[in-house]
Structures are given as structure tokens and as C-alpha cells.
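The file input_16.cif comes next; it holds mmCIF, C-alpha atoms.
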```cif
data_upload
loop_
_atom_site.label_atom_id
_atom_site.label_comp_id
_atom_site.auth_asym_id
_atom_site.auth_seq_id
_atom_site.Cartn_x
_atom_site.Cartn_y
_atom_site.Cartn_z
CA MET A 71 114.78 99.75 74.45
CA LYS A 72 113.09 102.32 76.69
CA CYS A 73 112.40 101.39 80.26
CA ASN A 74 108.62 101.85 79.91
CA GLU A 75 108.65 99.22 77.18
CA LEU A 76 110.12 96.62 79.50
CA GLU A 77 107.65 94.00 80.65
CA ILE A 78 109.07 94.09 84.18
CA ALA A 79 108.35 97.79 84.50
CA SER A 80 105.04 97.97 82.66
CA GLY A 81 103.45 94.53 82.21
CA ASN A 82 100.66 92.94 84.27
CA ILE A 83 102.07 92.76 87.80
CA TYR A 84 100.80 89.24 88.60
CA LYS A 85 101.84 87.79 85.26
CA THR A 86 105.27 89.40 85.53
CA PHE A 87 105.80 88.23 89.12
CA PHE A 88 104.96 84.60 88.38
CA LYS A 89 106.76 84.69 85.02
CA PHE A 90 109.99 85.38 86.89
CA THR A 91 109.29 83.61 90.18
CA LEU A 92 107.96 80.24 88.95
CA PRO A 93 110.75 79.54 86.41
CA ASN A 94 113.26 80.67 89.01
CA MET A 95 111.66 78.35 91.54
CA VAL A 96 111.76 75.46 89.08
CA GLY A 97 115.39 76.27 88.30
CA LEU A 98 116.50 76.48 91.92
CA ILE A 99 114.49 73.37 92.85
CA ALA A 100 116.27 71.61 90.03
CA MET A 101 119.60 73.03 91.20
CA SER A 102 119.02 71.93 94.79
CA SER A 103 117.62 68.57 93.66
CA VAL A 104 121.11 67.69 92.46
CA ALA A 105 122.23 67.46 96.09
CA LEU A 106 119.03 65.65 97.09
CA VAL A 107 119.42 63.11 94.29
CA ASP A 108 123.04 62.54 95.29
CA GLY A 109 121.89 61.98 98.86
CA TYR A 110 119.23 59.50 97.74
CA PHE A 111 121.57 57.38 95.65
CA VAL A 112 124.48 57.56 98.12
CA GLY A 113 122.25 56.78 101.11
CA ASN A 114 120.47 53.88 99.41
CA TYR A 115 123.17 52.38 97.16
CA VAL A 116 126.44 53.13 98.96
CA ASN A 117 125.86 53.49 102.73
CA SER A 118 124.89 55.98 105.42
CA VAL A 119 128.53 56.75 106.27
CA ALA A 120 129.07 57.92 102.68
CA LEU A 121 125.96 60.09 103.09
CA ALA A 122 127.58 61.63 106.16
CA ALA A 123 130.73 62.26 104.12
CA VAL A 124 128.76 64.23 101.54
CA ASN A 125 127.27 66.29 104.36
CA ILE A 126 130.77 66.95 105.74
CA ILE A 127 131.90 68.44 102.40
CA ILE A 128 128.75 70.51 101.85
CA PRO A 129 129.99 73.50 103.93
CA LEU A 130 132.92 74.01 101.55
CA ILE A 131 130.68 73.67 98.49
CA THR A 132 128.31 76.17 100.09
CA VAL A 133 131.09 78.74 100.54
CA VAL A 134 132.18 78.46 96.88
CA PHE A 135 128.54 78.73 95.82
CA GLY A 136 128.05 81.65 98.20
CA ILE A 137 130.87 83.66 96.62
CA SER A 138 129.21 83.16 93.24
CA ILE A 139 125.89 84.29 94.70
CA MET A 140 127.47 87.37 96.28
CA LEU A 141 129.08 88.51 93.05
CA THR A 142 126.11 87.58 90.87
CA ILE A 143 123.33 89.14 92.96
CA GLY A 144 125.31 92.33 93.51
CA ALA A 145 126.10 92.51 89.79
CA ALA A 146 122.52 91.65 88.79
CA VAL A 147 121.21 94.59 90.79
CA LEU A 148 123.55 96.89 88.85
CA ILE A 149 122.72 95.20 85.53
CA GLY A 150 118.97 95.46 86.20
CA THR A 151 119.26 99.10 87.19
CA TYR A 152 121.32 99.91 84.08
CA LEU A 153 118.84 98.08 81.85
CA GLY A 154 115.96 99.96 83.49
CA GLU A 155 117.81 103.18 82.66
CA GLY A 156 118.53 102.02 79.09
CA LYS A 157 122.33 101.80 79.64
CA VAL A 158 123.04 98.46 77.91
CA ASN A 159 126.78 99.05 77.48
CA LYS A 160 127.27 99.57 81.21
CA ALA A 161 125.17 96.48 82.00
CA SER A 162 127.34 94.39 79.63
CA ALA A 163 130.54 95.69 81.21
CA VAL A 164 129.37 94.59 84.66
CA PHE A 165 128.39 91.16 83.27
CA THR A 166 131.83 90.65 81.71
CA LYS A 167 133.67 91.61 84.89
CA VAL A 168 131.61 89.32 87.09
CA MET A 169 132.23 86.36 84.74
CA ILE A 170 135.99 86.92 84.91
CA THR A 171 135.97 87.24 88.70
CA ILE A 172 133.90 84.11 89.30
CA THR A 173 136.13 82.07 86.97
CA VAL A 174 139.34 83.07 88.75
CA ILE A 175 137.96 82.45 92.27
CA SER A 176 136.40 79.09 91.37
CA LEU A 177 139.62 77.78 89.83
CA PHE A 178 141.51 78.83 92.97
CA PHE A 179 139.19 76.73 95.15
CA THR A 180 139.49 73.81 92.74
CA VAL A 181 143.27 73.72 92.96
CA LEU A 182 143.23 74.14 96.76
CA SER A 183 140.60 71.45 97.37
CA PHE A 184 142.08 68.91 94.96
CA ILE A 185 145.67 69.14 96.21
CA PHE A 186 144.81 69.31 99.92
CA SER A 187 141.70 67.11 99.92
CA GLU A 188 142.73 65.11 103.00
CA GLU A 189 143.60 68.18 105.05
CA VAL A 190 140.40 69.99 104.01
CA SER A 191 138.22 66.96 104.79
CA ARG A 192 139.76 66.63 108.24
CA LEU A 193 139.35 70.35 108.83
CA LEU A 194 135.66 70.09 107.95
CA GLY A 195 135.18 67.54 110.72
CA ALA A 196 135.59 64.12 109.08
CA ASN A 197 136.67 61.35 111.43
CA ASP A 198 138.63 58.27 110.28
CA GLU A 199 135.46 56.41 109.28
CA ILE A 200 134.09 59.29 107.21
CA MET A 201 137.47 60.23 105.67
CA VAL A 202 137.41 57.10 103.49
CA TYR A 203 134.49 58.58 101.56
CA ALA A 204 135.03 62.33 102.03
CA VAL A 205 138.41 62.54 100.28
CA PRO A 206 137.44 60.93 96.93
CA TYR A 207 134.17 62.86 96.91
CA LEU A 208 135.95 66.20 97.46
CA LYS A 209 138.58 65.46 94.81
CA MET A 210 135.97 64.72 92.18
CA VAL A 211 133.46 67.45 93.03
CA SER A 212 136.14 70.17 93.23
CA ILE A 213 136.99 69.66 89.54
CA PHE A 214 133.57 71.10 88.67
CA PHE A 215 133.46 74.10 91.05
CA LEU A 216 133.67 76.51 88.10
CA PHE A 217 130.64 75.03 86.36
CA GLN A 218 128.60 75.01 89.57
CA ALA A 219 129.35 78.70 90.06
CA LEU A 220 128.71 79.62 86.42
CA GLU A 221 125.46 77.65 86.23
CA TYR A 222 123.95 79.77 88.97
CA SER A 223 125.50 83.04 87.82
CA LEU A 224 124.41 82.69 84.20
CA SER A 225 120.87 81.70 85.22
CA VAL A 226 120.49 84.91 87.26
CA ILE A 227 121.96 87.17 84.55
CA ILE A 228 119.80 85.57 81.86
CA ARG A 229 116.65 86.11 83.96
CA THR A 230 117.64 89.72 84.53
CA ASP A 231 118.15 89.98 80.77
CA GLY A 232 114.53 88.95 80.25
CA ASN A 233 114.79 85.22 79.44
CA PRO A 234 113.75 83.31 82.61
CA TYR A 235 112.50 80.24 80.71
CA LEU A 236 115.87 79.45 79.12
CA ALA A 237 117.63 79.67 82.47
CA SER A 238 115.15 77.34 84.17
CA THR A 239 115.06 74.89 81.24
CA ALA A 240 118.86 74.57 81.19
CA VAL A 241 119.04 73.98 84.95
CA LEU A 242 116.13 71.52 84.83
CA PHE A 243 117.83 69.60 82.02
CA GLY A 244 120.98 69.38 84.15
CA ALA A 245 118.99 68.07 87.12
CA VAL A 246 117.36 65.32 85.03
CA LEU A 247 120.76 64.44 83.59
CA ASN A 248 122.20 64.23 87.11
CA PHE A 249 119.54 61.69 88.11
CA ILE A 250 120.31 59.56 85.05
CA LEU A 251 124.07 59.78 85.55
CA ASP A 252 123.83 58.97 89.27
CA TYR A 253 121.85 55.85 88.40
CA ILE A 254 124.41 54.82 85.79
CA PHE A 255 127.55 55.64 87.79
CA ILE A 256 126.39 54.46 91.23
CA VAL A 257 123.88 51.68 90.60
CA LYS A 258 125.09 50.21 87.31
CA MET A 259 128.82 50.95 87.31
CA ASN A 260 129.28 50.73 91.10
CA MET A 261 131.47 53.86 91.21
CA GLY A 262 130.28 54.72 94.71
CA ILE A 263 130.57 58.24 96.07
CA SER A 264 132.91 59.34 93.26
CA GLY A 265 130.13 58.48 90.80
CA ALA A 266 127.78 60.85 92.61
CA ALA A 267 130.31 63.69 92.35
CA LEU A 268 131.02 62.95 88.68
CA GLY A 269 127.32 62.91 87.78
CA THR A 270 126.77 66.19 89.58
CA GLY A 271 129.75 67.82 87.88
CA ILE A 272 128.71 66.77 84.39
CA SER A 273 125.18 68.06 84.99
CA PHE A 274 126.53 71.47 86.09
CA MET A 275 128.78 71.61 83.04
CA THR A 276 125.95 70.72 80.65
CA SER A 277 123.59 73.37 82.06
CA THR A 278 126.33 75.99 81.80
CA PHE A 279 126.99 75.27 78.13
CA LEU A 280 123.24 75.36 77.35
CA MET A 281 122.88 78.80 78.93
CA LEU A 282 125.83 80.18 76.98
CA PHE A 283 123.66 79.97 73.84
CA HIS A 284 121.70 82.96 75.16
CA PHE A 285 124.80 85.07 74.62
CA ILE A 286 126.21 83.25 71.58
CA LEU A 287 122.91 83.63 69.69
CA LYS A 288 122.42 87.17 71.07
CA LYS A 289 118.95 86.47 72.46
CA GLY A 290 119.15 89.32 74.97
CA ARG A 291 120.71 92.72 75.37
CA VAL A 292 123.61 91.88 77.68
CA TYR A 293 126.82 90.65 76.03
CA LEU A 294 130.51 90.01 76.71
CA THR A 295 132.58 93.07 75.92
CA LYS A 296 136.20 94.22 75.94
CA GLN A 297 135.09 97.66 77.17
CA ILE A 298 134.75 96.62 80.80
CA GLY A 299 135.55 99.96 82.41
CA LYS A 300 136.65 100.29 86.03
CA TRP A 301 136.69 97.35 88.41
CA LYS A 302 135.23 99.34 91.30
CA GLU A 303 131.77 98.17 90.21
CA ILE A 304 132.74 94.62 91.15
CA ILE A 305 133.83 95.87 94.56
CA TYR A 306 130.47 97.59 94.96
CA ALA A 307 128.63 94.49 93.65
CA SER A 308 130.49 92.37 96.22
CA TYR A 309 129.52 94.79 98.96
CA ASN A 310 125.88 94.95 97.89
CA GLY A 311 125.70 91.17 97.50
CA SER A 312 127.65 90.51 100.69
CA SER A 313 124.51 89.53 102.60
CA GLU A 314 123.96 86.70 100.09
CA LEU A 315 127.50 85.43 100.74
CA LEU A 316 126.96 85.77 104.46
CA SER A 317 123.75 83.77 104.17
CA GLU A 318 125.54 80.95 102.34
CA ALA A 319 128.68 81.16 104.48
CA SER A 320 126.51 81.11 107.58
CA VAL A 321 124.82 77.94 106.36
CA ALA A 322 128.30 76.47 105.93
CA VAL A 323 129.42 77.56 109.41
CA VAL A 324 126.27 76.27 111.08
CA ALA A 325 126.50 72.98 109.16
CA TYR A 326 130.15 72.69 110.19
CA LEU A 327 129.27 73.28 113.85
CA PHE A 328 126.36 70.84 113.72
CA ASN A 329 128.54 68.18 112.10
CA ASN A 330 131.21 68.52 114.75
CA ILE A 331 128.80 68.65 117.68
CA MET A 332 126.84 65.68 116.37
CA VAL A 333 130.06 63.68 115.94
CA GLN A 334 131.16 64.52 119.48
CA ASN A 335 127.79 63.93 121.16
CA LEU A 336 126.20 61.20 119.04
CA GLY A 337 128.99 59.82 116.83
CA THR A 338 128.63 59.06 113.13
CA TYR A 339 124.91 58.38 113.65
CA GLY A 340 124.44 62.02 114.60
CA VAL A 341 126.05 63.25 111.37
CA GLU A 342 123.92 60.84 109.35
CA ALA A 343 120.76 62.18 111.04
CA PHE A 344 121.79 65.80 110.51
CA ALA A 345 122.52 65.06 106.86
CA VAL A 346 118.84 64.24 106.31
CA ILE A 347 117.62 67.36 108.13
CA ASN A 348 120.20 69.49 106.34
CA TYR A 349 118.93 68.30 102.94
CA ALA A 350 115.37 69.27 103.91
CA LEU A 351 116.55 72.64 105.21
CA TRP A 352 118.60 73.20 102.05
CA ALA A 353 115.66 72.36 99.77
CA THR A 354 113.27 74.66 101.64
CA ASN A 355 115.83 77.45 101.70
CA MET A 356 116.21 77.08 97.93
CA LEU A 357 112.44 77.32 97.38
CA CYS A 358 112.16 80.47 99.48
CA TYR A 359 115.39 81.83 98.07
CA ALA A 360 113.91 81.44 94.59
CA VAL A 361 111.20 83.90 95.56
CA GLY A 362 113.66 86.29 97.18
CA ASP A 363 116.12 85.93 94.32
CA SER A 364 113.39 86.86 91.82
CA LEU A 365 113.04 90.19 93.59
CA VAL A 366 116.46 91.29 92.32
CA PRO A 367 115.49 91.91 88.67
CA LEU A 368 111.87 92.78 89.53
CA ILE A 369 112.75 95.42 92.11
CA SER A 370 115.99 96.76 90.59
CA ILE A 371 114.49 97.39 87.14
CA ASN A 372 111.31 98.93 88.59
CA TYR A 373 113.49 100.95 90.95
CA GLY A 374 115.49 102.27 87.99
CA ALA A 375 112.21 103.04 86.20
CA MET A 376 110.75 104.68 89.37
CA GLN A 377 107.74 102.31 89.46
CA TYR A 378 107.35 102.27 93.25
CA LYS A 379 103.74 101.08 93.49
CA ARG A 380 104.64 98.01 91.45
CA ILE A 381 107.43 97.26 93.91
CA GLN A 382 104.98 97.29 96.83
CA LYS A 383 102.73 94.75 95.09
CA ILE A 384 105.72 92.56 94.22
CA LEU A 385 106.79 92.48 97.86
CA SER A 386 103.27 91.51 98.99
CA LEU A 387 103.16 88.63 96.49
CA SER A 388 106.58 87.42 97.60
CA ARG A 389 105.56 87.32 101.28
CA ILE A 390 102.41 85.32 100.49
CA SER A 391 104.46 82.88 98.39
CA VAL A 392 107.05 82.07 101.08
CA ILE A 393 104.39 81.72 103.78
CA PHE A 394 102.67 79.09 101.62
CA ILE A 395 105.97 77.25 101.03
CA GLY A 396 106.88 77.24 104.71
CA ALA A 397 103.46 76.05 105.83
CA SER A 398 103.54 73.21 103.27
CA VAL A 399 106.91 71.91 104.47
CA PHE A 400 105.81 72.26 108.09
CA ALA A 401 102.75 70.13 107.33
CA LEU A 402 104.90 67.43 105.69
CA PHE A 403 107.18 67.18 108.74
CA THR A 404 104.17 67.19 111.04
CA PHE A 405 102.15 64.44 109.38
CA ILE A 406 104.60 62.23 107.44
CA PRO A 407 108.13 62.79 108.85
CA GLU A 408 108.90 59.05 108.75
CA LYS A 409 108.30 58.87 105.00
CA ILE A 410 110.50 61.88 104.31
CA ILE A 411 113.40 60.59 106.41
CA ALA A 412 113.03 57.08 104.97
CA THR A 413 113.98 58.39 101.51
CA LEU A 414 117.57 58.76 102.76
CA LEU A 415 117.83 56.51 105.82
CA ASN A 416 116.62 52.93 106.18
CA PRO A 417 114.47 52.71 109.35
CA VAL A 418 115.75 49.16 109.97
CA THR A 419 119.44 49.11 109.08
CA ASP A 420 119.99 52.78 110.06
CA LYS A 421 117.66 52.72 113.06
CA ASP A 422 119.81 54.81 115.42
CA ALA A 423 120.33 57.59 112.86
CA PHE A 424 116.67 57.34 111.81
CA ASP A 425 115.41 57.84 115.36
CA ILE A 426 117.70 60.84 115.93
CA ALA A 427 116.52 62.38 112.66
CA LEU A 428 112.87 62.01 113.73
CA VAL A 429 113.46 63.94 116.94
CA PHE A 430 115.55 66.53 115.08
CA ALA A 431 112.77 67.03 112.52
CA ASP A 432 110.16 67.55 115.23
CA TYR A 433 112.05 70.64 116.40
CA MET A 434 113.37 71.89 113.05
CA LYS A 435 109.94 72.02 111.39
CA TYR A 436 109.08 75.29 113.16
CA ALA A 437 111.92 77.07 111.38
CA PHE A 438 110.20 76.45 108.04
CA LEU A 439 107.30 78.70 109.07
CA ILE A 440 109.55 81.76 109.40
CA LEU A 441 112.73 81.41 107.35
CA GLY A 442 111.08 82.39 104.05
CA LEU A 443 109.99 85.79 105.36
CA ASN A 444 113.46 86.51 106.67
CA MET A 445 114.96 85.60 103.30
CA VAL A 446 112.52 87.82 101.40
CA TYR A 447 113.36 90.79 103.64
CA SER A 448 117.09 90.19 103.17
CA SER A 449 116.79 89.91 99.37
CA SER A 450 114.57 92.99 99.09
CA PHE A 451 117.10 95.07 101.03
CA THR A 452 119.78 93.91 98.57
CA ALA A 453 117.58 94.84 95.59
CA PHE A 454 117.05 98.29 97.10
CA GLN A 455 120.85 98.60 97.37
CA LYS A 456 120.74 98.68 101.17
CA PRO A 457 123.42 96.07 101.90
CA LEU A 458 123.84 96.94 105.59
CA HIS A 459 120.18 96.19 106.34
CA SER A 460 120.45 92.94 104.42
CA VAL A 461 123.66 91.96 106.21
CA VAL A 462 122.02 92.44 109.61
CA VAL A 463 119.19 90.05 108.69
CA ALA A 464 121.54 87.52 107.08
CA LEU A 465 124.02 87.49 109.97
CA SER A 466 121.29 87.28 112.60
CA ARG A 467 119.44 84.30 111.14
CA GLY A 468 122.41 82.54 109.59
CA LEU A 469 125.35 82.96 111.92
CA ILE A 470 125.23 84.98 115.13
CA LEU A 471 122.03 83.62 116.67
CA PRO A 472 122.44 79.97 115.54
CA VAL A 473 126.00 79.87 116.92
CA ILE A 474 124.90 81.39 120.23
CA PHE A 475 122.04 78.90 120.57
CA ILE A 476 124.12 75.91 119.45
CA PHE A 477 126.57 76.51 122.28
CA THR A 478 124.17 77.68 125.00
CA MET A 479 120.95 75.70 124.58
CA PRO A 480 122.55 72.25 125.13
CA LEU A 481 123.70 73.46 128.55
CA PHE A 482 120.06 73.63 129.62
CA PHE A 483 118.27 71.14 127.36
CA ALA A 484 120.99 68.63 126.33
CA ASP A 485 120.59 67.30 122.76
CA LYS A 486 117.19 68.96 122.38
CA GLY A 487 118.94 72.29 122.75
CA ILE A 488 120.95 71.55 119.60
CA TYR A 489 117.81 70.70 117.66
CA SER A 490 116.07 73.96 118.61
CA ALA A 491 118.97 76.30 117.70
CA VAL A 492 117.89 77.09 114.14
CA PRO A 493 114.14 77.59 114.83
CA LEU A 494 114.97 79.95 117.70
CA ALA A 495 117.41 81.90 115.50
CA GLU A 496 114.81 82.34 112.74
CA ALA A 497 112.11 83.41 115.24
CA LEU A 498 114.30 85.98 116.97
CA THR A 499 115.54 87.38 113.64
CA PHE A 500 111.94 87.83 112.51
#
```
Can you dump the structure from the file as C-alpha cells?
Amino acid sequence: MKCNELEIASGNIYKTFFKFTLPNMVGLIAMSSVALVDGYFVGNYVNSVALAAVNIIIPLITVVFGISIMLTIGAAVLIGTYLGEGKVNKASAVFTKVMITITVISLFFTVLSFIFSEEVSRLLGANDEIMVYAVPYLKMVSIFFLFQALEYSLSVIIRTDGNPYLASTAVLFGAVLNFILDYIFIVKMNMGISGAALGTGISFMTSTFLMLFHFILKKGRVYLTKQIGKWKEIIYASYNGSSELLSEASVAVVAYLFNNIMVQNLGTYGVEAFAVINYALWATNMLCYAVGDSLVPLISINYGAMQYKRIQKILSLSRISVIFIGASVFALFTFIPEKIIATLLNPVTDKDAFDIALVFADYMKYAFLILGLNMVYSSSFTAFQKPLHSVVVALSRGLILPVIFIFTMPLFFADKGIYSAVPLAEALTF
């Protein structure tokens, strides 16, 4: 198939942008909703300490997910460029190598987390009260690390291969299944926090198997091949996608620091409050990331086809989209923060955590106005194969500045300094 026949490189720019962005947004909303649904059922049908335990384990899950993102986004840029150039065999070789690499790394983390679940939970900041819930949750969720990684990776590759609707449908089906399974396992069968992890794992596994039909039925051009060529492309893909890993790893580091500081300063109530804010931050990041993530196939294929004016329009549409998302979330936390927080914390029985979360939200809401733009710039640099530029943005907003502010701002503004760390980091990065 010639590059000028590809819809991405020659179709209506608005139709093409939304064809890839909206399904991707639906897919990533569905993917992130798995964590939100777990939080809802755990917070309302187990207890708030169990909710804190889930939040304690999230940094590790984020790192595993981040490695998958790094490999996948870096590989997708190569795959998209090869497809734009009409080199299907090379695109398929990259796809095969990235699948092998993700499988090996995910299984390594599964074995490590399952065997040393107590040590890992303690290392992540769990105190004695939280450990009771963190250990069984980590044991169960680690069994499904491979399917979590593959669900995301396959969805990106399938979109790059021109089938965004299948990817989003499979992920959406998994999200609906997770809601049903959480209700059955937690509410009906009283399996507690282990039920939440089991429901999540089965949903990831189901979505993965559904997406494999794209390759089994040969619906696209990319395929698994024995002719994988040299592995240096995976090294380059890792380098080019390193900013995506840094973004995810930075989220994990910042969450880890917040969890520990909140435990030290405010006890378990502080972790419970941060869990609610972290879910909101995670969901908004996923929405904006969906826009940025869509730039990978859109820019890389147009870049390979030398359609530079189309790229400029795509970038303009992406900036408008994330500004709208950020402003919408800001409005929600400005006008109805109590209702949002009440979905995870009971304002009566969890009053202390609820009140902390309200104050936290009043500061955090300003980050939502800016973070989407920073994510779009980072993703576009990756798509242009400028990993160093992307790394600078990712490290600034996700690690260096938040860590600096987390440790310095409380010296001048006490607890309020902790709450303002992320908004300040996003503003200075921008």
C-alpha cells in the first residue's frame, strides 16, 4: 500500500484526527477506569485503609506499565514510519521484537512481586495497618502484569496499523467486565481487596485476547514474523520512548513520596486523602495522554510521507483538545469537589480524610489547566524522534520539579506546600 493511499497521510485532517483521538480517548478512559472502579468498590465496600493500600501499590504498577509504554511508543514510531514508507516487513519485525521484550520483562516483575510481596509493600511505604491489605492485593495483581502490559501495547500497535475502533472496543469491553467482576467478587462474594485485583486482572486478560484477533484474522498489515532482524531497533525504540517511561516512573516516584510524606505528617488519613486526588490526577492524565498518544501514528506516518502541513494542523487540534479537557476538570473541582471526593470517601465515617482531600483538591485543580499541554509537547517530540527534548519535558514536570517542591515548599507553607508541589511543577515546566 503506497503512503499516499493511507488515510492518515491523505484523508480529511479533522476526520482523521478525531478518528484516532476519540477511540484512543475512549480506550484510555476505559483503561484508567479500571483503577477508578477498583477504588470505588474498595473504598465503599471494603474500607478506606484498603483504598490506601491500593494507592501504596500503584507506584509499582505504574513502573511496569511505564516500561510497556516506553517500548510500545518507541516501537510504534518506528512502525508508523516504516508503514508510511511502505516497508511492512520491517514494521512487522519491530512489532515482533517489542512483544517478546514486553513479555520477558513483565514476567520478571510478576515473579519478583509475588515472591517478595511483603518486602515490596513495606518498601513502597505501607505501615502495619496498610500492610494487611497491601500484601494480598500485590500478590493477586502481579499475576496479571503481563496482560496489563500487552493490553496497552497491542492497542497502540493496532491503532498504528489502522484499526483504532477494535483497540478501543476491546479495552472498553474489559472495563465493563471489570465493573461487573468487581461487583461480583467484592460485593456478592465478599472477597475484599483480592477480589478487586482478580477482577482487574481478568479484564486485562480478556481485552488482550480480543485484540489478538486483529493479528490472527490478519485485519492489518503488521504481523508476527520469524525474520526479526537486529535487536538494535528495540534499543533505539527504548531510547526514543524513554520520555514516556520517565513520565510514568516519575508519577510512581512522586506518588511514592506523597504516600510517605502523608503517612509521616498526617497518618493513614493523609494516604487515604491522597488516594482520591491521585485517582483524579491519573484519570486526567490518561485523558490528555490519549490525545498525546494519538500523535504517535498521526505524526510518524505523516512524517514518513513528508506531509508537514498536516502535522501542523494535527498539533493545533491536539492543543485545543487538552485545553478543553483541563478546563473541564478544573471546573468540576471548583464547583463540585465534595461530590467528586464523596465517590471514594464517606464524608461522615471518613471525615478526617475527606477534609484533607478537599483542601488538597483546592490546590491540585490548577495543575489540570496546564498538564495536558506539557504532555502534548512531550509526545510530539517523541513522534518527531527527538527523545532528548521529550525527556527534558517529562523529567521537569514529572520528577525533578515535583521532588524539589515536595521537599522545599513545606518548609515555608507547611502542609499547603505539599499540596501545591504538582501545580507549581506543571506551571514552571510550561
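Minimum atom-to-atom distances from A:Tyr359, A:Tyr489, A:Tyr339, A:Phe454 to A:Gly374 were compared using only C-alpha atoms, and the lowest value belongs to A:Phe454.
Going from atom CA of A:Gln218 to atom CA of A:Phe274 covers 5.4 Å.
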Among the residues A:Val323, A:Val418, A:Ala484, A:Met434, the one that comes closest to A:Leu465 [using only C-alpha atoms]: A:Val323
Selection result of the PyMOL selection byres ((chain A and resi 401-413) around 8) on this file, as a list in words: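 Applying the expression gives Tyr110, Val346, Ala397, Ser398, Val399, Phe400, Leu414, Leu415, Asn416, Pro417, Phe424, Ala427, Leu428, Ala431, Asp432 and Lys435 of chain A.
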Nearest to A:Lys258 by atom-to-atom distance, counting only C-alpha atoms, from A:Tyr293, A:Ser273, A:Lys89, A:Phe111: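 Once distances to A:Lys258 are computed over only C-alpha atoms, the minimum belongs to A:Phe111.
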Selection under test: the PyMOL selection byres ((chain A and resi 246) around 12); residues as a list in words: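 Selected by the PyMOL selection byres ((chain A and resi 246) around 12) here: Gly97, Ile99, Ala100, Met101, Ser102, Ser103, Val104, Val107, Thr239, Ala240, Val241, Leu242, Phe243, Gly244, Ala245, Leu247, Asn248, Phe249, Ile250, Leu251, Asp252, Tyr253, Gly269, Thr270, Ile272, Ser273, Phe274, Thr276 and Ser277 of chain A.
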Shell around A:Lys300 at 12 Å using all atoms listed in the file, local window under 3 positions removed, as number ranges by chain: A: 160, 163-164, 166-167, 296-297, 303-306
Answer as an NGL selection string, residues within 12 Å of (130.4, 52.5, 95.1) using all atoms listed in the file: :A and (111-117 or 120-121 or 202-203 or 206-207 or 252-267)
Å distance separating atom CA of A:Ser138 from atom CA of A:Gln382, one decimal place: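 Rounded to one decimal, the two atoms are 28.3 Å apart.
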